>>> print(open('model.txt').read())   # compact mmCIF, N, CA and C atoms
# COMPACT_ATOMS: atom_id res chain seq x y z
N MET A 12 -10.69 -31.25 3.72
CA MET A 12 -10.54 -29.96 4.37
C MET A 12 -10.12 -28.92 3.34
N THR A 13 -10.88 -27.87 3.22
CA THR A 13 -10.53 -26.81 2.28
C THR A 13 -9.63 -25.80 2.95
N ARG A 14 -8.65 -25.41 2.22
CA ARG A 14 -7.70 -24.44 2.73
C ARG A 14 -8.03 -23.08 2.15
N LYS A 15 -7.98 -22.05 2.99
CA LYS A 15 -8.30 -20.71 2.49
C LYS A 15 -7.20 -20.21 1.57
N LYS A 16 -7.61 -19.40 0.63
CA LYS A 16 -6.66 -18.83 -0.32
C LYS A 16 -5.73 -17.86 0.39
N LYS A 17 -4.47 -17.95 0.08
CA LYS A 17 -3.49 -17.02 0.68
C LYS A 17 -3.73 -15.61 0.15
N ARG A 18 -3.47 -14.64 1.02
CA ARG A 18 -3.65 -13.23 0.65
C ARG A 18 -2.40 -12.45 1.03
N PHE A 19 -1.91 -11.66 0.08
CA PHE A 19 -0.76 -10.79 0.31
C PHE A 19 -1.23 -9.35 0.30
N LEU A 20 -0.64 -8.55 1.18
CA LEU A 20 -0.88 -7.11 1.19
C LEU A 20 0.32 -6.44 0.54
N LEU A 21 0.05 -5.60 -0.43
CA LEU A 21 1.11 -4.90 -1.17
C LEU A 21 0.87 -3.40 -1.10
N PRO A 22 1.49 -2.71 -0.13
CA PRO A 22 1.38 -1.25 -0.08
C PRO A 22 2.28 -0.64 -1.16
N VAL A 23 1.76 0.33 -1.92
CA VAL A 23 2.53 0.95 -3.00
C VAL A 23 2.46 2.46 -2.91
N ASP A 24 3.49 3.11 -3.46
CA ASP A 24 3.49 4.57 -3.51
C ASP A 24 4.04 5.13 -4.81
N GLY A 25 4.34 4.25 -5.76
CA GLY A 25 4.85 4.71 -7.05
C GLY A 25 6.36 4.84 -7.12
N SER A 26 7.06 4.58 -6.03
CA SER A 26 8.53 4.69 -6.01
C SER A 26 9.15 3.47 -6.69
N GLU A 27 10.45 3.55 -6.96
CA GLU A 27 11.18 2.43 -7.57
C GLU A 27 11.16 1.20 -6.66
N CYS A 28 11.37 1.41 -5.36
CA CYS A 28 11.34 0.28 -4.42
C CYS A 28 9.95 -0.35 -4.38
N SER A 29 8.94 0.47 -4.47
CA SER A 29 7.56 -0.03 -4.47
C SER A 29 7.29 -0.86 -5.72
N LEU A 30 7.79 -0.42 -6.85
CA LEU A 30 7.64 -1.18 -8.09
C LEU A 30 8.37 -2.51 -8.00
N SER A 31 9.58 -2.50 -7.44
CA SER A 31 10.33 -3.75 -7.25
C SER A 31 9.56 -4.71 -6.34
N ALA A 32 8.99 -4.17 -5.28
CA ALA A 32 8.20 -4.99 -4.35
C ALA A 32 6.98 -5.58 -5.06
N ALA A 33 6.35 -4.78 -5.91
CA ALA A 33 5.17 -5.26 -6.65
C ALA A 33 5.54 -6.43 -7.56
N LYS A 34 6.63 -6.29 -8.28
CA LYS A 34 7.07 -7.38 -9.17
C LYS A 34 7.35 -8.65 -8.37
N TYR A 35 8.03 -8.48 -7.26
CA TYR A 35 8.38 -9.63 -6.43
C TYR A 35 7.12 -10.27 -5.84
N ALA A 36 6.21 -9.44 -5.34
CA ALA A 36 4.96 -9.95 -4.74
C ALA A 36 4.14 -10.72 -5.76
N LEU A 37 4.08 -10.22 -6.98
CA LEU A 37 3.29 -10.89 -8.01
C LEU A 37 3.90 -12.23 -8.41
N GLU A 38 5.21 -12.31 -8.45
CA GLU A 38 5.86 -13.59 -8.73
C GLU A 38 5.56 -14.60 -7.62
N MET A 39 5.68 -14.14 -6.38
CA MET A 39 5.40 -15.02 -5.24
C MET A 39 3.93 -15.42 -5.21
N ALA A 40 3.04 -14.46 -5.48
CA ALA A 40 1.60 -14.75 -5.47
C ALA A 40 1.23 -15.76 -6.54
N ALA A 41 1.84 -15.64 -7.71
CA ALA A 41 1.57 -16.59 -8.79
C ALA A 41 1.99 -18.00 -8.37
N ALA A 42 3.16 -18.10 -7.76
CA ALA A 42 3.67 -19.40 -7.33
C ALA A 42 2.82 -19.99 -6.20
N ALA A 43 2.32 -19.13 -5.31
CA ALA A 43 1.54 -19.59 -4.16
C ALA A 43 0.04 -19.61 -4.43
N LYS A 44 -0.34 -19.19 -5.65
CA LYS A 44 -1.76 -19.06 -6.00
C LYS A 44 -2.49 -18.17 -4.98
N ALA A 45 -1.84 -17.06 -4.64
CA ALA A 45 -2.37 -16.13 -3.66
C ALA A 45 -3.00 -14.93 -4.34
N ALA A 46 -3.91 -14.28 -3.64
CA ALA A 46 -4.51 -13.02 -4.09
C ALA A 46 -3.69 -11.88 -3.50
N VAL A 47 -3.65 -10.77 -4.21
CA VAL A 47 -2.88 -9.61 -3.76
C VAL A 47 -3.81 -8.41 -3.61
N GLU A 48 -3.74 -7.78 -2.45
CA GLU A 48 -4.48 -6.54 -2.23
C GLU A 48 -3.48 -5.40 -2.30
N VAL A 49 -3.63 -4.55 -3.30
CA VAL A 49 -2.72 -3.43 -3.52
C VAL A 49 -3.34 -2.20 -2.89
N VAL A 50 -2.58 -1.55 -2.01
CA VAL A 50 -3.10 -0.42 -1.25
C VAL A 50 -2.16 0.77 -1.37
N THR A 51 -2.74 1.95 -1.57
CA THR A 51 -1.99 3.18 -1.47
C THR A 51 -2.73 4.10 -0.52
N CYS A 52 -2.03 5.02 0.09
CA CYS A 52 -2.63 5.90 1.10
C CYS A 52 -2.57 7.35 0.65
N TYR A 53 -3.53 8.10 1.13
CA TYR A 53 -3.50 9.55 0.91
C TYR A 53 -3.76 10.22 2.25
N ASP A 54 -3.14 11.37 2.43
CA ASP A 54 -3.23 12.08 3.71
C ASP A 54 -4.59 12.71 3.93
N LYS A 55 -4.91 12.89 5.19
CA LYS A 55 -6.11 13.65 5.54
C LYS A 55 -5.83 15.11 5.25
N VAL A 56 -6.87 15.85 4.89
CA VAL A 56 -6.72 17.27 4.64
C VAL A 56 -6.66 17.98 5.98
N PRO A 57 -5.61 18.76 6.22
CA PRO A 57 -5.51 19.49 7.49
C PRO A 57 -6.68 20.48 7.63
N ALA A 58 -7.22 20.56 8.83
CA ALA A 58 -8.37 21.43 9.10
C ALA A 58 -8.07 22.88 8.73
N ILE A 59 -6.84 23.31 8.85
CA ILE A 59 -6.47 24.69 8.54
C ILE A 59 -6.68 25.03 7.06
N MET A 60 -6.74 24.00 6.22
CA MET A 60 -6.90 24.22 4.78
C MET A 60 -8.37 24.22 4.35
N THR A 61 -9.25 24.23 5.31
CA THR A 61 -10.67 24.21 4.97
C THR A 61 -11.34 25.52 5.36
N ASP A 62 -12.50 25.75 4.83
CA ASP A 62 -13.28 26.91 5.24
C ASP A 62 -14.47 26.44 6.08
N THR A 63 -15.25 27.35 6.55
CA THR A 63 -16.35 26.98 7.45
C THR A 63 -17.41 26.14 6.76
N ARG A 64 -17.56 26.25 5.48
CA ARG A 64 -18.57 25.47 4.77
C ARG A 64 -18.03 24.14 4.25
N GLY A 65 -16.74 23.91 4.38
CA GLY A 65 -16.17 22.65 3.94
C GLY A 65 -15.93 22.56 2.44
N LYS A 66 -16.07 23.66 1.73
CA LYS A 66 -15.90 23.65 0.27
C LYS A 66 -14.49 23.17 -0.11
N TYR A 67 -13.49 23.77 0.52
CA TYR A 67 -12.12 23.42 0.16
C TYR A 67 -11.77 22.01 0.61
N LEU A 68 -12.35 21.57 1.70
CA LEU A 68 -12.11 20.21 2.18
C LEU A 68 -12.46 19.20 1.09
N LYS A 69 -13.62 19.35 0.50
CA LYS A 69 -14.05 18.43 -0.56
C LYS A 69 -13.13 18.51 -1.77
N GLU A 70 -12.73 19.72 -2.14
CA GLU A 70 -11.84 19.89 -3.30
C GLU A 70 -10.48 19.27 -3.05
N PHE A 71 -9.89 19.55 -1.87
CA PHE A 71 -8.58 18.99 -1.56
C PHE A 71 -8.65 17.47 -1.47
N LYS A 72 -9.69 16.97 -0.82
CA LYS A 72 -9.83 15.52 -0.68
C LYS A 72 -9.98 14.87 -2.05
N SER A 73 -10.74 15.49 -2.94
CA SER A 73 -10.88 14.96 -4.31
C SER A 73 -9.54 14.88 -5.01
N LEU A 74 -8.74 15.91 -4.84
CA LEU A 74 -7.41 15.92 -5.47
C LEU A 74 -6.53 14.81 -4.90
N LEU A 75 -6.57 14.62 -3.59
CA LEU A 75 -5.77 13.58 -2.95
C LEU A 75 -6.20 12.18 -3.40
N ILE A 76 -7.51 11.98 -3.49
CA ILE A 76 -8.03 10.68 -3.93
C ILE A 76 -7.65 10.43 -5.40
N ALA A 77 -7.76 11.47 -6.22
CA ALA A 77 -7.39 11.34 -7.64
C ALA A 77 -5.92 10.97 -7.78
N GLU A 78 -5.07 11.59 -6.98
CA GLU A 78 -3.64 11.29 -7.03
C GLU A 78 -3.37 9.85 -6.57
N ALA A 79 -4.07 9.42 -5.53
CA ALA A 79 -3.91 8.04 -5.05
C ALA A 79 -4.36 7.05 -6.11
N ASN A 80 -5.48 7.33 -6.77
CA ASN A 80 -5.96 6.44 -7.83
C ASN A 80 -5.00 6.42 -9.02
N LYS A 81 -4.37 7.55 -9.28
CA LYS A 81 -3.37 7.61 -10.35
C LYS A 81 -2.17 6.70 -10.00
N THR A 82 -1.79 6.71 -8.74
CA THR A 82 -0.71 5.82 -8.29
C THR A 82 -1.10 4.36 -8.51
N LEU A 83 -2.32 4.01 -8.12
CA LEU A 83 -2.79 2.63 -8.32
C LEU A 83 -2.83 2.26 -9.80
N GLU A 84 -3.30 3.18 -10.62
CA GLU A 84 -3.39 2.92 -12.06
C GLU A 84 -2.02 2.66 -12.68
N SER A 85 -0.98 3.25 -12.10
CA SER A 85 0.36 3.04 -12.65
C SER A 85 0.82 1.59 -12.50
N TYR A 86 0.16 0.82 -11.63
CA TYR A 86 0.49 -0.60 -11.44
C TYR A 86 -0.45 -1.51 -12.23
N GLU A 87 -1.47 -0.95 -12.85
CA GLU A 87 -2.53 -1.74 -13.49
C GLU A 87 -2.01 -2.71 -14.55
N LYS A 88 -1.14 -2.27 -15.43
CA LYS A 88 -0.64 -3.16 -16.49
C LYS A 88 0.16 -4.32 -15.90
N LEU A 89 1.03 -4.00 -14.96
CA LEU A 89 1.83 -5.04 -14.30
C LEU A 89 0.91 -6.07 -13.63
N LEU A 90 -0.12 -5.60 -12.97
CA LEU A 90 -1.06 -6.49 -12.29
C LEU A 90 -1.85 -7.33 -13.29
N ALA A 91 -2.36 -6.70 -14.31
CA ALA A 91 -3.16 -7.41 -15.31
C ALA A 91 -2.33 -8.48 -16.03
N ASP A 92 -1.08 -8.15 -16.33
CA ASP A 92 -0.20 -9.10 -17.01
C ASP A 92 0.18 -10.29 -16.13
N SER A 93 0.08 -10.14 -14.83
CA SER A 93 0.53 -11.18 -13.91
C SER A 93 -0.43 -12.37 -13.83
N LYS A 94 -1.67 -12.17 -14.22
CA LYS A 94 -2.69 -13.22 -14.12
C LYS A 94 -2.97 -13.64 -12.67
N VAL A 95 -2.60 -12.78 -11.73
CA VAL A 95 -2.84 -13.01 -10.31
C VAL A 95 -4.12 -12.28 -9.92
N GLU A 96 -4.92 -12.88 -9.06
CA GLU A 96 -6.12 -12.20 -8.57
C GLU A 96 -5.67 -11.02 -7.70
N TYR A 97 -6.25 -9.84 -7.95
CA TYR A 97 -5.84 -8.66 -7.18
C TYR A 97 -7.01 -7.71 -6.99
N SER A 98 -6.83 -6.83 -6.02
CA SER A 98 -7.77 -5.74 -5.81
C SER A 98 -6.95 -4.49 -5.52
N LEU A 99 -7.53 -3.33 -5.79
CA LEU A 99 -6.86 -2.05 -5.59
C LEU A 99 -7.67 -1.20 -4.61
N LYS A 100 -6.98 -0.55 -3.68
CA LYS A 100 -7.66 0.32 -2.71
C LYS A 100 -6.83 1.56 -2.43
N ALA A 101 -7.50 2.70 -2.40
CA ALA A 101 -6.90 3.95 -1.91
C ALA A 101 -7.54 4.22 -0.56
N ILE A 102 -6.72 4.39 0.47
CA ILE A 102 -7.22 4.53 1.83
C ILE A 102 -6.67 5.81 2.46
N GLU A 103 -7.55 6.55 3.11
CA GLU A 103 -7.14 7.79 3.79
C GLU A 103 -6.39 7.46 5.07
N GLY A 104 -5.27 8.13 5.28
CA GLY A 104 -4.49 7.97 6.51
C GLY A 104 -3.01 7.83 6.21
N SER A 105 -2.22 7.89 7.26
CA SER A 105 -0.78 7.74 7.08
C SER A 105 -0.47 6.29 6.76
N ALA A 106 0.48 6.08 5.89
CA ALA A 106 0.78 4.72 5.40
C ALA A 106 1.11 3.76 6.52
N GLY A 107 1.94 4.17 7.46
CA GLY A 107 2.31 3.28 8.57
C GLY A 107 1.11 2.82 9.36
N ARG A 108 0.22 3.74 9.68
CA ARG A 108 -0.97 3.40 10.47
C ARG A 108 -1.94 2.54 9.65
N VAL A 109 -2.15 2.88 8.39
CA VAL A 109 -3.07 2.11 7.55
C VAL A 109 -2.58 0.67 7.40
N ILE A 110 -1.31 0.49 7.12
CA ILE A 110 -0.76 -0.86 6.94
C ILE A 110 -0.87 -1.64 8.25
N LYS A 111 -0.54 -0.99 9.36
CA LYS A 111 -0.64 -1.63 10.67
C LYS A 111 -2.08 -2.06 10.94
N ASP A 112 -3.03 -1.17 10.68
CA ASP A 112 -4.44 -1.49 10.91
C ASP A 112 -4.92 -2.62 10.01
N LEU A 113 -4.51 -2.61 8.75
CA LEU A 113 -4.89 -3.69 7.84
C LEU A 113 -4.30 -5.02 8.30
N ALA A 114 -3.05 -4.99 8.75
CA ALA A 114 -2.39 -6.22 9.21
C ALA A 114 -3.10 -6.79 10.43
N LYS A 115 -3.64 -5.92 11.28
CA LYS A 115 -4.34 -6.38 12.49
C LYS A 115 -5.59 -7.19 12.18
N THR A 116 -6.15 -7.01 10.98
CA THR A 116 -7.36 -7.75 10.64
C THR A 116 -7.11 -9.24 10.54
N GLY A 117 -5.85 -9.62 10.34
CA GLY A 117 -5.50 -11.03 10.28
C GLY A 117 -5.82 -11.71 8.97
N LYS A 118 -6.23 -10.94 7.96
CA LYS A 118 -6.60 -11.61 6.71
C LYS A 118 -5.45 -11.72 5.71
N TYR A 119 -4.26 -11.31 6.11
CA TYR A 119 -3.10 -11.38 5.21
C TYR A 119 -2.09 -12.39 5.72
N ASP A 120 -1.54 -13.15 4.78
CA ASP A 120 -0.50 -14.11 5.12
C ASP A 120 0.88 -13.48 5.04
N LEU A 121 0.99 -12.38 4.29
CA LEU A 121 2.28 -11.75 4.07
C LEU A 121 2.08 -10.31 3.61
N ILE A 122 2.94 -9.43 4.11
CA ILE A 122 3.00 -8.05 3.61
C ILE A 122 4.29 -7.95 2.81
N VAL A 123 4.20 -7.48 1.58
CA VAL A 123 5.38 -7.29 0.74
C VAL A 123 5.46 -5.80 0.43
N MET A 124 6.59 -5.18 0.79
CA MET A 124 6.70 -3.74 0.57
C MET A 124 8.14 -3.34 0.27
N GLY A 125 8.27 -2.17 -0.35
CA GLY A 125 9.59 -1.65 -0.67
C GLY A 125 10.30 -1.15 0.57
N SER A 126 11.62 -1.12 0.50
CA SER A 126 12.41 -0.71 1.66
C SER A 126 12.32 0.78 1.93
N LYS A 127 12.05 1.57 0.91
CA LYS A 127 11.84 3.01 1.11
C LYS A 127 10.99 3.52 -0.02
N GLY A 128 10.31 4.63 0.23
CA GLY A 128 9.39 5.16 -0.76
C GLY A 128 9.67 6.60 -1.10
N HIS A 129 8.69 7.22 -1.74
CA HIS A 129 8.83 8.61 -2.15
C HIS A 129 9.02 9.57 -0.99
N SER A 130 8.35 9.32 0.12
CA SER A 130 8.32 10.28 1.21
C SER A 130 9.48 10.12 2.19
N GLU A 131 10.42 9.29 1.87
CA GLU A 131 11.50 9.02 2.82
C GLU A 131 12.66 9.98 2.63
N VAL A 132 12.72 10.98 3.48
CA VAL A 132 13.84 11.92 3.46
C VAL A 132 14.85 11.50 4.52
N ALA A 133 14.35 11.15 5.70
CA ALA A 133 15.23 10.82 6.81
C ALA A 133 15.84 9.43 6.70
N GLY A 134 15.08 8.47 6.19
CA GLY A 134 15.56 7.09 6.17
C GLY A 134 16.37 6.79 4.93
N LEU A 135 17.68 6.78 5.03
CA LEU A 135 18.51 6.52 3.86
C LEU A 135 18.51 5.06 3.46
N PHE A 136 18.53 4.15 4.43
CA PHE A 136 18.61 2.74 4.11
C PHE A 136 17.26 2.04 4.23
N MET A 137 16.44 2.49 5.14
CA MET A 137 15.13 1.88 5.28
C MET A 137 14.15 3.00 5.63
N GLY A 138 13.08 3.08 4.89
CA GLY A 138 12.12 4.16 5.08
C GLY A 138 11.41 4.12 6.41
N SER A 139 10.91 5.26 6.82
CA SER A 139 10.24 5.36 8.11
C SER A 139 8.94 4.56 8.13
N VAL A 140 8.21 4.49 7.02
CA VAL A 140 6.99 3.69 6.98
C VAL A 140 7.36 2.22 7.16
N THR A 141 8.40 1.79 6.51
CA THR A 141 8.86 0.41 6.64
C THR A 141 9.21 0.10 8.09
N ARG A 142 9.92 1.02 8.74
CA ARG A 142 10.27 0.82 10.16
C ARG A 142 9.01 0.70 11.01
N LYS A 143 8.03 1.57 10.77
CA LYS A 143 6.78 1.52 11.54
C LYS A 143 6.09 0.17 11.36
N VAL A 144 6.05 -0.30 10.14
CA VAL A 144 5.39 -1.58 9.87
C VAL A 144 6.14 -2.70 10.58
N LEU A 145 7.44 -2.74 10.46
CA LEU A 145 8.22 -3.82 11.06
C LEU A 145 8.10 -3.85 12.58
N THR A 146 7.91 -2.70 13.19
CA THR A 146 7.83 -2.67 14.65
C THR A 146 6.40 -2.78 15.18
N ASN A 147 5.41 -2.80 14.30
CA ASN A 147 4.02 -2.78 14.77
C ASN A 147 3.13 -3.91 14.27
N VAL A 148 3.63 -4.77 13.41
CA VAL A 148 2.76 -5.85 12.92
C VAL A 148 3.32 -7.20 13.35
N VAL A 149 2.42 -8.19 13.40
CA VAL A 149 2.84 -9.51 13.85
C VAL A 149 2.83 -10.55 12.72
N CYS A 150 2.34 -10.18 11.54
CA CYS A 150 2.38 -11.12 10.42
C CYS A 150 3.73 -10.96 9.70
N PRO A 151 4.11 -11.93 8.90
CA PRO A 151 5.39 -11.84 8.17
C PRO A 151 5.40 -10.64 7.22
N VAL A 152 6.57 -10.00 7.14
CA VAL A 152 6.77 -8.86 6.25
C VAL A 152 8.02 -9.12 5.41
N LEU A 153 7.88 -8.98 4.11
CA LEU A 153 9.01 -9.12 3.20
C LEU A 153 9.36 -7.74 2.68
N ILE A 154 10.60 -7.31 2.93
CA ILE A 154 11.06 -5.99 2.50
C ILE A 154 11.91 -6.17 1.25
N VAL A 155 11.53 -5.46 0.18
CA VAL A 155 12.23 -5.58 -1.10
C VAL A 155 12.95 -4.27 -1.40
N PRO A 156 14.26 -4.34 -1.67
CA PRO A 156 15.02 -3.10 -1.96
C PRO A 156 14.67 -2.53 -3.34
>>> encode(input="model.txt", output="structure tokens")
Amino acid sequence: MTRKKKRFLLPVDGSECSLSAAKYALEMAAAAKAAVEVVTCYDKVPAIMTDTRGKYLKEFKSLLIAEANKTLESYEKLLADSKVEYSLKAIEGSAGRVIKDLAKTGKYDLIVMGSKGHSEVAGLFMGSVTRKVLTNVVCPVLIVP
């Protein structure tokens, strides 16, 4: 009987907690011989920031995608040095919803994420994205400070 390869989801945002989570996830993935899918999110461009021809929409979206890819690239050396199989994805949408939707696919054995990220103003001890994930997913979640 062949056993499927374990897969970890690693949402990142470039914050210190996110970096700590990445290091921890890679150590665990190496030990478990698991693959890691690294995901970062970028916001949708508000309709008010576009013109009737959509010119600004494309420009703003390009900037958001470029920034998301820059965030992913900041993890590239750490990932390459880990010798763990990985993939990188930038996905449009709010982080809480994207992570929840990815978790619903059932293809992840574990979500590893930081306790708070860059966008956390209100959550002093645990970020709002982390709270959303913990209350909306059914697969195991490991929170790294």
>>> select_by_dssp(input="model.txt", residues="chain A", states="alpha helix (DSSP H)", output="ChimeraX atom specification")
/A:27-43,66-84,87-93,106-115,139-147
>>> atom_distance(input="model.txt", atom1="atom C of A:Tyr97", atom2="atom N of A:Pro22")
12.0 Å
>>> residues_around(input="model.txt", residues="A:Lys111", least_positions_apart="4", cutoff="6.5 Å", atoms="only N, CA and C atoms", output="MDAnalysis selection string")
chainID A and resid 106:107 115:116 144 147:148
>>> atom_distance(input="model.txt", atom1="atom CA of A:Leu99", atom2="atom CA of A:Pro151")
20.9 Å
>>> atom_distance(input="model.txt", atom1="atom CA of A:Ala41", atom2="atom CA of A:Lys16")
12.0 Å
>>> residues_near_point(input="model.txt", point="(2.4, -1.9, -15.6)", cutoff="12 Å", atoms="only C-alpha atoms", output="mmCIF file with N, CA and C atoms, in the coordinates of the input")
data_model
loop_
_atom_site.group_PDB
_atom_site.id
_atom_site.type_symbol
_atom_site.label_atom_id
_atom_site.label_comp_id
_atom_site.auth_asym_id
_atom_site.auth_seq_id
_atom_site.Cartn_x
_atom_site.Cartn_y
_atom_site.Cartn_z
ATOM 1 N N GLY A 25 4.340 4.250 -5.760
ATOM 2 C CA GLY A 25 4.850 4.710 -7.050
ATOM 3 C C GLY A 25 6.360 4.840 -7.120
ATOM 4 N N LEU A 30 7.790 -0.420 -6.850
ATOM 5 C CA LEU A 30 7.640 -1.180 -8.090
ATOM 6 C C LEU A 30 8.370 -2.510 -8.000
ATOM 7 N N SER A 31 9.580 -2.500 -7.440
ATOM 8 C CA SER A 31 10.330 -3.750 -7.250
ATOM 9 C C SER A 31 9.560 -4.710 -6.340
ATOM 10 N N ALA A 33 6.350 -4.780 -5.910
ATOM 11 C CA ALA A 33 5.170 -5.260 -6.650
ATOM 12 C C ALA A 33 5.540 -6.430 -7.560
ATOM 13 N N LYS A 34 6.630 -6.290 -8.280
ATOM 14 C CA LYS A 34 7.070 -7.380 -9.170
ATOM 15 C C LYS A 34 7.350 -8.650 -8.370
ATOM 16 N N LEU A 37 4.080 -10.220 -6.980
ATOM 17 C CA LEU A 37 3.290 -10.890 -8.010
ATOM 18 C C LEU A 37 3.900 -12.230 -8.410
ATOM 19 N N THR A 82 -1.790 6.710 -8.740
ATOM 20 C CA THR A 82 -0.710 5.820 -8.290
ATOM 21 C C THR A 82 -1.100 4.360 -8.510
ATOM 22 N N LEU A 83 -2.320 4.010 -8.120
ATOM 23 C CA LEU A 83 -2.790 2.630 -8.320
ATOM 24 C C LEU A 83 -2.830 2.260 -9.800
ATOM 25 N N GLU A 84 -3.300 3.180 -10.620
ATOM 26 C CA GLU A 84 -3.390 2.920 -12.060
ATOM 27 C C GLU A 84 -2.020 2.660 -12.680
ATOM 28 N N SER A 85 -0.980 3.250 -12.100
ATOM 29 C CA SER A 85 0.360 3.040 -12.650
ATOM 30 C C SER A 85 0.820 1.590 -12.500
ATOM 31 N N TYR A 86 0.160 0.820 -11.630
ATOM 32 C CA TYR A 86 0.490 -0.600 -11.440
ATOM 33 C C TYR A 86 -0.450 -1.510 -12.230
ATOM 34 N N GLU A 87 -1.470 -0.950 -12.850
ATOM 35 C CA GLU A 87 -2.530 -1.740 -13.490
ATOM 36 C C GLU A 87 -2.010 -2.710 -14.550
ATOM 37 N N LYS A 88 -1.140 -2.270 -15.430
ATOM 38 C CA LYS A 88 -0.640 -3.160 -16.490
ATOM 39 C C LYS A 88 0.160 -4.320 -15.900
ATOM 40 N N LEU A 89 1.030 -4.000 -14.960
ATOM 41 C CA LEU A 89 1.830 -5.040 -14.300
ATOM 42 C C LEU A 89 0.910 -6.070 -13.630
ATOM 43 N N LEU A 90 -0.120 -5.600 -12.970
ATOM 44 C CA LEU A 90 -1.060 -6.490 -12.290
ATOM 45 C C LEU A 90 -1.850 -7.330 -13.290
ATOM 46 N N ALA A 91 -2.360 -6.700 -14.310
ATOM 47 C CA ALA A 91 -3.160 -7.410 -15.310
ATOM 48 C C ALA A 91 -2.330 -8.480 -16.030
ATOM 49 N N ASP A 92 -1.080 -8.150 -16.330
ATOM 50 C CA ASP A 92 -0.200 -9.100 -17.010
ATOM 51 C C ASP A 92 0.180 -10.290 -16.130
ATOM 52 N N SER A 93 0.080 -10.140 -14.830
ATOM 53 C CA SER A 93 0.530 -11.180 -13.910
ATOM 54 C C SER A 93 -0.430 -12.370 -13.830
#
>>> residues_around(input="model.txt", residues="A:Lys100", least_positions_apart="5", cutoff="6.5 Å", atoms="all atoms listed in the file", output="ChimeraX atom specification")
/A:48-52
>>> write_last_selection(input="model.txt", atoms="N, CA and C atoms", output="mmCIF file, in the frame of the given file")
data_model
loop_
_atom_site.group_PDB
_atom_site.id
_atom_site.type_symbol
_atom_site.label_atom_id
_atom_site.label_comp_id
_atom_site.auth_asym_id
_atom_site.auth_seq_id
_atom_site.Cartn_x
_atom_site.Cartn_y
_atom_site.Cartn_z
ATOM 1 N N GLU A 48 -3.740 -7.780 -2.450
ATOM 2 C CA GLU A 48 -4.480 -6.540 -2.230
ATOM 3 C C GLU A 48 -3.480 -5.400 -2.300
ATOM 4 N N VAL A 49 -3.630 -4.550 -3.300
ATOM 5 C CA VAL A 49 -2.720 -3.430 -3.520
ATOM 6 C C VAL A 49 -3.340 -2.200 -2.890
ATOM 7 N N VAL A 50 -2.580 -1.550 -2.010
ATOM 8 C CA VAL A 50 -3.100 -0.420 -1.250
ATOM 9 C C VAL A 50 -2.160 0.770 -1.370
ATOM 10 N N THR A 51 -2.740 1.950 -1.570
ATOM 11 C CA THR A 51 -1.990 3.180 -1.470
ATOM 12 C C THR A 51 -2.730 4.100 -0.520
ATOM 13 N N CYS A 52 -2.030 5.020 0.090
ATOM 14 C CA CYS A 52 -2.630 5.900 1.100
ATOM 15 C C CYS A 52 -2.570 7.350 0.650
#
>>> closest_residue(input="model.txt", among="A:Val95, A:Met39, A:Gly125, A:Asp54", to="A:Asp24", atoms="all atoms listed in the file")
A:Gly125
>>> select_by_dssp(input="model.txt", residues="chain A", states="strand (DSSP E or B)", output="ChimeraX atom specification")
/A:18-22,46-53,97-103,121-125,152-155
>>> closest_residue(input="model.txt", among="A:Ser139, A:Ser98, A:Asn80, A:Ser126", to="A:Glu27", atoms="all atoms listed in the file")
A:Ser126
